[in-house]
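Down below is the structure, laid out as structure tokens.
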Amino acid sequence: MKDLDLARAAQRISVPVVAVIVALIIGAALIAVSGASPIEAIGAIGQAAFTCAPQFCNFATVLTTAAPLIMTALGAVMVLRAGLFSIGQEGQYAMGGLVAVAIGYMVPLPGVIHPIVALLGGAVAGALVGIVPALFRVYLGANELIVSIIVNSMIALLLSFLVNYPMREAGASTSFTPQIDETARLAVFDPATKLGMNIVIALAFVVLTYIYMSRTTWGYEQRMAGEAPVFARYSGMRTRTAVIRAAGLGGALAGIGGGIQVLGMNYRVIDGFMDGTGFNGLTAAILGGTTVIGAGIAAVVFASISIGAINGLQILMGIPREIGSVILAFMIVLVAVQTPLAHRLELWLSKRRGAKEIERRAAEIPPTDEPDAAADAPSVPASSTPGSTSDGAR
């Protein structure tokens, strides 16, 4: 059993790693076709994403960008592992940020409590948005994918209305909300990149989500509801409750992602706040093999390639930054393709191992040298057998 678990863990790790390597090779080929040196381009991406100087730390920018992305990725992992393919992280992220901003400038609170209350409000808003597709799926049998798409569109329209009319900054030439109070802002370690408590909160939730998913009864129920629903039902687990709970918790995580974005970096919500962070988090979750640790690492990789493509390829080398998006898209495609291929490869290897084991056991059986007892037995005349009668007596 332990060997099987190790094999599954190795497969979960190897699939995204191979996908990243192959996608980078494809990206290098595209860069070479554009007339630039792939080696110089990779160096530019690394310099723009992972270097730090006394004046400005590029890697701090990556971590700042990755903080809300980690939260939306964790939210996606929560629902995907429960068997709910909801892509509503974008709407949950937006509503979490909007409610956090509203609490941040409308509700006067002390400095220590204010950001906590704002994040809790964002979590509640994200959870309420997140459970809508789950309720439609569980009780009405509706497709959660379609429902989540519709909910995202409704949230986008609602956000645009609120930012343009009731929550718009008075006298502003563009559509955005007032800035949050100083007491509601998250602590910042590096003012140049806004790196601060945002990444600390994101990493803390990675640990908490991992413990919840792997060490608690509720987490086990959610995983079984997605991986083995028939077993979960016959074991007495409340699968409906587990799915709805996973949707609510996933929405809360994505809502906190929107909260730390506005409380730690933007300080307001603008029209167009739904910039794809929720969809990118879903992408990172898939790239990370729908595991908590993998999703966190994939979110950092995603942010690194995005920042490297903008600051490295486009600014330093004049190469279109869309190549970075192409690389990320190839990663997702390769992960999606490699999973069924890996399953088929495992079945083929299992068949080969089974055939070899049969041959080995057949070879270990010693040949039988004993003579055939039936052939060597003396023949007995029919007349001497008990109960037989001769023709003369008859």
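Starting from 1 in every chain, residues are counted up; chains themselves are A, B, ... following the order of the structure tokens, and ligands are numbered from 1 as listed.
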
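Every protein or nucleic acid residue with an atom no more than 9 Å from A:Gly296, counting only C-alpha atoms and leaving out same-chain residues fewer than 2 positions away, appears here: Ala66, Leu69, Ile70, Met71, Ala73, Leu74, Ala202, Leu203, Val206, Ala284, Ala285, Gly288, Thr291, Val292, Ile293, Gly294, Ala298, Ala299, Val300 and Val301 of chain A.
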
**Message:** If DSSP is run on the backbone, what residues of stretch 187-379 of chain A are helix (DSSP H, G or I)? A reply as a PyMOL selection string would be ideal.
**Reply:** chain A and resi 197-215+217-227+229-234+239-266+277-287+292-316+322-364+373-376

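The coordinates place atom CA of A:Gly289 at 26.5 Å from atom CA of A:Arg353.
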
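Residues in contact with A:Gly308 at up to 6 Å, not including ones fewer than 4 positions away on its chain and judged by only C-alpha atoms, are Ile45, Ala48, Ala49, Ser304 and Gly312 of chain A.
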
For the selection you just gave me, I'd like the residues written to a file as a PDB file, in the first residue's frame, keeping N, CA, C and O atoms.
```
ATOM      1  N   ILE A  45      13.754  36.378 -18.609  1.00  0.00           N
ATOM      2  CA  ILE A  45      12.624  36.015 -17.747  1.00  0.00           C
ATOM      3  C   ILE A  45      13.108  35.772 -16.320  1.00  0.00           C
ATOM      4  O   ILE A  45      12.499  36.234 -15.349  1.00  0.00           O
ATOM      5  N   ALA A  48      14.017  39.091 -14.701  1.00  0.00           N
ATOM      6  CA  ALA A  48      12.859  39.919 -14.384  1.00  0.00           C
ATOM      7  C   ALA A  48      11.983  39.325 -13.292  1.00  0.00           C
ATOM      8  O   ALA A  48      11.172  40.051 -12.705  1.00  0.00           O
ATOM      9  N   ALA A  49      12.125  38.033 -13.032  1.00  0.00           N
ATOM     10  CA  ALA A  49      11.235  37.393 -12.072  1.00  0.00           C
ATOM     11  C   ALA A  49      11.910  37.025 -10.757  1.00  0.00           C
ATOM     12  O   ALA A  49      11.239  37.051  -9.709  1.00  0.00           O
ATOM     13  N   SER A 304       5.491  34.030 -11.792  1.00  0.00           N
ATOM     14  CA  SER A 304       6.855  34.251 -12.278  1.00  0.00           C
ATOM     15  C   SER A 304       6.890  34.393 -13.791  1.00  0.00           C
ATOM     16  O   SER A 304       7.545  35.302 -14.338  1.00  0.00           O
ATOM     17  N   GLY A 312      10.512  41.041 -18.616  1.00  0.00           N
ATOM     18  CA  GLY A 312      11.691  40.481 -19.253  1.00  0.00           C
ATOM     19  C   GLY A 312      11.592  40.461 -20.761  1.00  0.00           C
ATOM     20  O   GLY A 312      12.390  41.086 -21.466  1.00  0.00           O
TER      21      GLY A 312
END
```

**Message:** For A:Val112, find every residue with an atom within 12 Å (counting only C-alpha atoms), except residues of its own chain fewer than 2 positions away, and show them as a ChimeraX atom specification.
**Reply:** /A:108-110,114-118,182-187

Keeping all heavy atoms for every residue in the selection just given, could you write it to a file as an mmCIF file, in the first residue's frame?
```cif
data_model
loop_
_atom_site.group_PDB
_atom_site.id
_atom_site.type_symbol
_atom_site.label_atom_id
_atom_site.label_comp_id
_atom_site.auth_asym_id
_atom_site.auth_seq_id
_atom_site.Cartn_x
_atom_site.Cartn_y
_atom_site.Cartn_z
ATOM 1 N N PRO A 108 -15.743 52.296 10.339
ATOM 2 C CA PRO A 108 -14.566 52.694 11.118
ATOM 3 C C PRO A 108 -14.275 51.689 12.236
ATOM 4 O O PRO A 108 -15.135 51.406 13.078
ATOM 5 C CB PRO A 108 -14.972 54.058 11.681
ATOM 6 C CG PRO A 108 -16.460 54.016 11.747
ATOM 7 C CD PRO A 108 -16.928 53.143 10.622
ATOM 8 N N LEU A 109 -13.086 51.147 12.223
ATOM 9 C CA LEU A 109 -12.673 50.164 13.218
ATOM 10 C C LEU A 109 -11.217 50.410 13.599
ATOM 11 O O LEU A 109 -10.464 51.051 12.848
ATOM 12 C CB LEU A 109 -12.832 48.735 12.665
ATOM 13 C CG LEU A 109 -14.260 48.228 12.445
ATOM 14 C CD1 LEU A 109 -14.235 46.905 11.692
ATOM 15 C CD2 LEU A 109 -15.000 48.075 13.759
ATOM 16 N N PRO A 110 -10.779 49.861 14.733
ATOM 17 C CA PRO A 110 -9.367 50.010 15.109
ATOM 18 C C PRO A 110 -8.438 49.313 14.127
ATOM 19 O O PRO A 110 -8.840 48.417 13.367
ATOM 20 C CB PRO A 110 -9.302 49.346 16.494
ATOM 21 C CG PRO A 110 -10.698 49.346 16.990
ATOM 22 C CD PRO A 110 -11.580 49.245 15.788
ATOM 23 N N HIS A 114 -9.587 46.019 12.004
ATOM 24 C CA HIS A 114 -10.203 46.433 10.749
ATOM 25 C C HIS A 114 -9.882 45.491 9.582
ATOM 26 O O HIS A 114 -10.799 45.035 8.885
ATOM 27 C CB HIS A 114 -9.790 47.871 10.422
ATOM 28 C CG HIS A 114 -10.785 48.580 9.575
ATOM 29 N ND1 HIS A 114 -10.766 49.939 9.357
ATOM 30 C CD2 HIS A 114 -11.853 48.136 8.862
ATOM 31 C CE1 HIS A 114 -11.766 50.289 8.572
ATOM 32 N NE2 HIS A 114 -12.435 49.205 8.253
ATOM 33 N N PRO A 115 -8.608 45.170 9.296
ATOM 34 C CA PRO A 115 -8.352 44.261 8.171
ATOM 35 C C PRO A 115 -8.897 42.859 8.396
ATOM 36 O O PRO A 115 -9.310 42.183 7.437
ATOM 37 C CB PRO A 115 -6.831 44.256 8.058
ATOM 38 C CG PRO A 115 -6.331 44.711 9.370
ATOM 39 C CD PRO A 115 -7.361 45.646 9.907
ATOM 40 N N ILE A 116 -8.942 42.405 9.659
ATOM 41 C CA ILE A 116 -9.480 41.076 9.939
ATOM 42 C C ILE A 116 -10.966 41.028 9.614
ATOM 43 O O ILE A 116 -11.461 40.096 8.965
ATOM 44 C CB ILE A 116 -9.225 40.691 11.408
ATOM 45 C CG1 ILE A 116 -7.719 40.621 11.692
ATOM 46 C CG2 ILE A 116 -9.905 39.379 11.749
ATOM 47 C CD1 ILE A 116 -7.380 40.350 13.139
ATOM 48 N N VAL A 117 -11.709 42.055 10.043
ATOM 49 C CA VAL A 117 -13.142 42.105 9.761
ATOM 50 C C VAL A 117 -13.386 42.227 8.260
ATOM 51 O O VAL A 117 -14.304 41.596 7.704
ATOM 52 C CB VAL A 117 -13.790 43.272 10.527
ATOM 53 C CG1 VAL A 117 -15.255 43.427 10.140
ATOM 54 C CG2 VAL A 117 -13.666 43.063 12.027
ATOM 55 N N ALA A 118 -12.559 43.024 7.579
ATOM 56 C CA ALA A 118 -12.722 43.178 6.133
ATOM 57 C C ALA A 118 -12.475 41.858 5.403
ATOM 58 O O ALA A 118 -13.212 41.501 4.473
ATOM 59 C CB ALA A 118 -11.774 44.258 5.618
ATOM 60 N N GLU A 182 -6.648 53.902 6.360
ATOM 61 C CA GLU A 182 -5.309 53.424 6.719
ATOM 62 C C GLU A 182 -5.385 52.262 7.700
ATOM 63 O O GLU A 182 -4.538 51.361 7.665
ATOM 64 C CB GLU A 182 -4.495 54.566 7.314
ATOM 65 C CG GLU A 182 -4.141 55.678 6.340
ATOM 66 C CD GLU A 182 -3.026 55.274 5.385
ATOM 67 O OE1 GLU A 182 -2.357 54.263 5.673
ATOM 68 O OE2 GLU A 182 -2.849 55.953 4.365
ATOM 69 N N THR A 183 -6.388 52.260 8.555
ATOM 70 C CA THR A 183 -6.506 51.197 9.555
ATOM 71 C C THR A 183 -6.858 49.853 8.941
ATOM 72 O O THR A 183 -6.645 48.810 9.559
ATOM 73 C CB THR A 183 -7.581 51.574 10.586
ATOM 74 O OG1 THR A 183 -8.820 51.848 9.896
ATOM 75 C CG2 THR A 183 -7.164 52.804 11.375
ATOM 76 N N ALA A 184 -7.424 49.866 7.722
ATOM 77 C CA ALA A 184 -7.839 48.615 7.081
ATOM 78 C C ALA A 184 -6.760 48.019 6.201
ATOM 79 O O ALA A 184 -6.929 46.899 5.696
ATOM 80 C CB ALA A 184 -9.102 48.845 6.259
ATOM 81 N N ARG A 185 -5.667 48.708 5.988
ATOM 82 C CA ARG A 185 -4.639 48.234 5.072
ATOM 83 C C ARG A 185 -3.747 47.199 5.747
ATOM 84 O O ARG A 185 -3.406 47.310 6.924
ATOM 85 C CB ARG A 185 -3.799 49.399 4.567
ATOM 86 C CG ARG A 185 -4.617 50.442 3.827
ATOM 87 C CD ARG A 185 -3.775 51.563 3.278
ATOM 88 N NE ARG A 185 -4.613 52.545 2.588
ATOM 89 C CZ ARG A 185 -4.147 53.607 1.937
ATOM 90 N NH1 ARG A 185 -2.830 53.832 1.899
ATOM 91 N NH2 ARG A 185 -4.974 54.444 1.337
ATOM 92 N N LEU A 186 -3.360 46.200 4.972
ATOM 93 C CA LEU A 186 -2.445 45.175 5.473
ATOM 94 C C LEU A 186 -1.037 45.750 5.584
ATOM 95 O O LEU A 186 -0.646 46.625 4.802
ATOM 96 C CB LEU A 186 -2.440 43.965 4.536
ATOM 97 C CG LEU A 186 -3.747 43.190 4.412
ATOM 98 C CD1 LEU A 186 -3.619 42.098 3.358
ATOM 99 C CD2 LEU A 186 -4.155 42.581 5.742
ATOM 100 N N ALA A 187 -0.305 45.231 6.551
ATOM 101 C CA ALA A 187 1.069 45.704 6.744
ATOM 102 C C ALA A 187 1.918 45.373 5.523
ATOM 103 O O ALA A 187 1.782 44.306 4.919
ATOM 104 C CB ALA A 187 1.662 45.065 7.991
#
```

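Counting only C-alpha atoms and comparing A:Ala225, A:Gly88, A:Met331, A:Ile155, the residue that lies closest to A:Ala76 is A:Gly88.
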
**Asked** Could you pull the residues within 12 Å of A:Thr177, counting only C-alpha atoms, minus those fewer than 5 positions along the same chain, as an NGL selection string?
**Response** :A and (97-106 or 159-172 or 262 or 266-273)

Would you output that residue set with N, CA and C atoms, as a CSV table (one decimal), in the first residue's frame?
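Saved as part04.csv:
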```csv
chain,number,residue,atom,x,y,z
A,97,GLY,N,-13.3,41.0,-2.9
A,97,GLY,CA,-12.6,42.3,-2.9
A,97,GLY,C,-13.6,43.5,-2.7
A,98,LEU,N,-14.8,43.4,-3.3
A,98,LEU,CA,-15.7,44.5,-3.2
A,98,LEU,C,-16.2,44.7,-1.8
A,99,VAL,N,-16.6,43.6,-1.1
A,99,VAL,CA,-17.1,43.7,0.3
A,99,VAL,C,-16.0,44.1,1.2
A,100,ALA,N,-14.7,43.6,1.0
A,100,ALA,CA,-13.6,44.0,1.8
A,100,ALA,C,-13.4,45.5,1.7
A,101,VAL,N,-13.5,46.1,0.5
A,101,VAL,CA,-13.3,47.5,0.3
A,101,VAL,C,-14.4,48.3,0.9
A,102,ALA,N,-15.6,47.8,0.8
A,102,ALA,CA,-16.8,48.5,1.4
A,102,ALA,C,-16.6,48.6,3.0
A,103,ILE,N,-16.2,47.5,3.6
A,103,ILE,CA,-15.9,47.5,5.0
A,103,ILE,C,-14.7,48.4,5.3
A,104,GLY,N,-13.7,48.4,4.4
A,104,GLY,CA,-12.5,49.2,4.6
A,104,GLY,C,-12.7,50.7,4.6
A,105,TYR,N,-13.6,51.2,3.9
A,105,TYR,CA,-13.8,52.7,4.0
A,105,TYR,C,-15.2,53.1,4.5
A,106,MET,N,-16.1,52.2,4.7
A,106,MET,CA,-17.4,52.6,5.3
A,106,MET,C,-17.5,52.3,6.8
A,159,LEU,N,-20.8,44.3,-10.1
A,159,LEU,CA,-19.6,45.1,-9.8
A,159,LEU,C,-19.5,46.4,-10.6
A,160,SER,N,-19.7,46.3,-11.9
A,160,SER,CA,-19.7,47.5,-12.7
A,160,SER,C,-20.7,48.5,-12.3
A,161,PHE,N,-21.9,48.1,-12.0
A,161,PHE,CA,-22.9,49.0,-11.5
A,161,PHE,C,-22.6,49.7,-10.2
A,162,LEU,N,-22.1,48.9,-9.3
A,162,LEU,CA,-21.8,49.5,-8.0
A,162,LEU,C,-20.6,50.5,-8.0
A,163,VAL,N,-19.6,50.1,-8.8
A,163,VAL,CA,-18.4,51.0,-8.9
A,163,VAL,C,-18.7,52.2,-9.7
A,164,ASN,N,-19.6,52.2,-10.7
A,164,ASN,CA,-20.0,53.3,-11.5
A,164,ASN,C,-21.0,54.2,-10.8
A,165,TYR,N,-21.8,53.7,-9.9
A,165,TYR,CA,-22.9,54.5,-9.3
A,165,TYR,C,-22.8,54.7,-7.8
A,166,PRO,N,-23.4,53.7,-7.0
A,166,PRO,CA,-23.4,54.0,-5.6
A,166,PRO,C,-22.1,54.1,-4.9
A,167,MET,N,-21.1,53.3,-5.3
A,167,MET,CA,-19.8,53.3,-4.6
A,167,MET,C,-18.7,54.1,-5.3
A,168,ARG,N,-19.0,54.8,-6.3
A,168,ARG,CA,-18.0,55.6,-7.1
A,168,ARG,C,-17.5,56.7,-6.3
A,169,GLU,N,-16.2,56.9,-6.4
A,169,GLU,CA,-15.5,58.1,-5.8
A,169,GLU,C,-16.1,59.4,-6.3
A,170,ALA,N,-16.5,60.2,-5.4
A,170,ALA,CA,-17.1,61.5,-5.8
A,170,ALA,C,-16.1,62.4,-6.5
A,171,GLY,N,-16.5,62.9,-7.7
A,171,GLY,CA,-15.6,63.7,-8.5
A,171,GLY,C,-14.5,63.0,-9.3
A,172,ALA,N,-14.5,61.7,-9.3
A,172,ALA,CA,-13.5,61.0,-10.0
A,172,ALA,C,-13.8,61.0,-11.5
A,262,VAL,N,-7.1,43.9,-2.5
A,262,VAL,CA,-7.5,45.3,-2.3
A,262,VAL,C,-6.9,45.9,-1.0
A,266,ASN,N,-4.1,47.3,-3.9
A,266,ASN,CA,-4.9,48.3,-4.7
A,266,ASN,C,-5.5,49.4,-3.9
A,267,TYR,N,-6.0,49.0,-2.7
A,267,TYR,CA,-6.6,49.9,-1.7
A,267,TYR,C,-8.0,50.4,-2.2
A,268,ARG,N,-8.4,49.9,-3.4
A,268,ARG,CA,-9.8,50.3,-3.9
A,268,ARG,C,-10.1,49.3,-5.0
A,269,VAL,N,-11.4,49.3,-5.4
A,269,VAL,CA,-11.8,48.5,-6.5
A,269,VAL,C,-12.1,49.4,-7.7
A,270,ILE,N,-11.6,49.0,-8.9
A,270,ILE,CA,-11.9,49.8,-10.1
A,270,ILE,C,-12.8,49.0,-11.0
A,271,ASP,N,-13.4,49.7,-11.9
A,271,ASP,CA,-14.2,49.0,-12.9
A,271,ASP,C,-13.3,48.2,-13.8
A,272,GLY,N,-13.5,46.9,-13.8
A,272,GLY,CA,-12.6,46.0,-14.4
A,272,GLY,C,-11.7,45.2,-13.5
A,273,PHE,N,-12.2,45.2,-12.2
A,273,PHE,CA,-11.4,44.5,-11.2
A,273,PHE,C,-11.3,43.0,-11.5
```
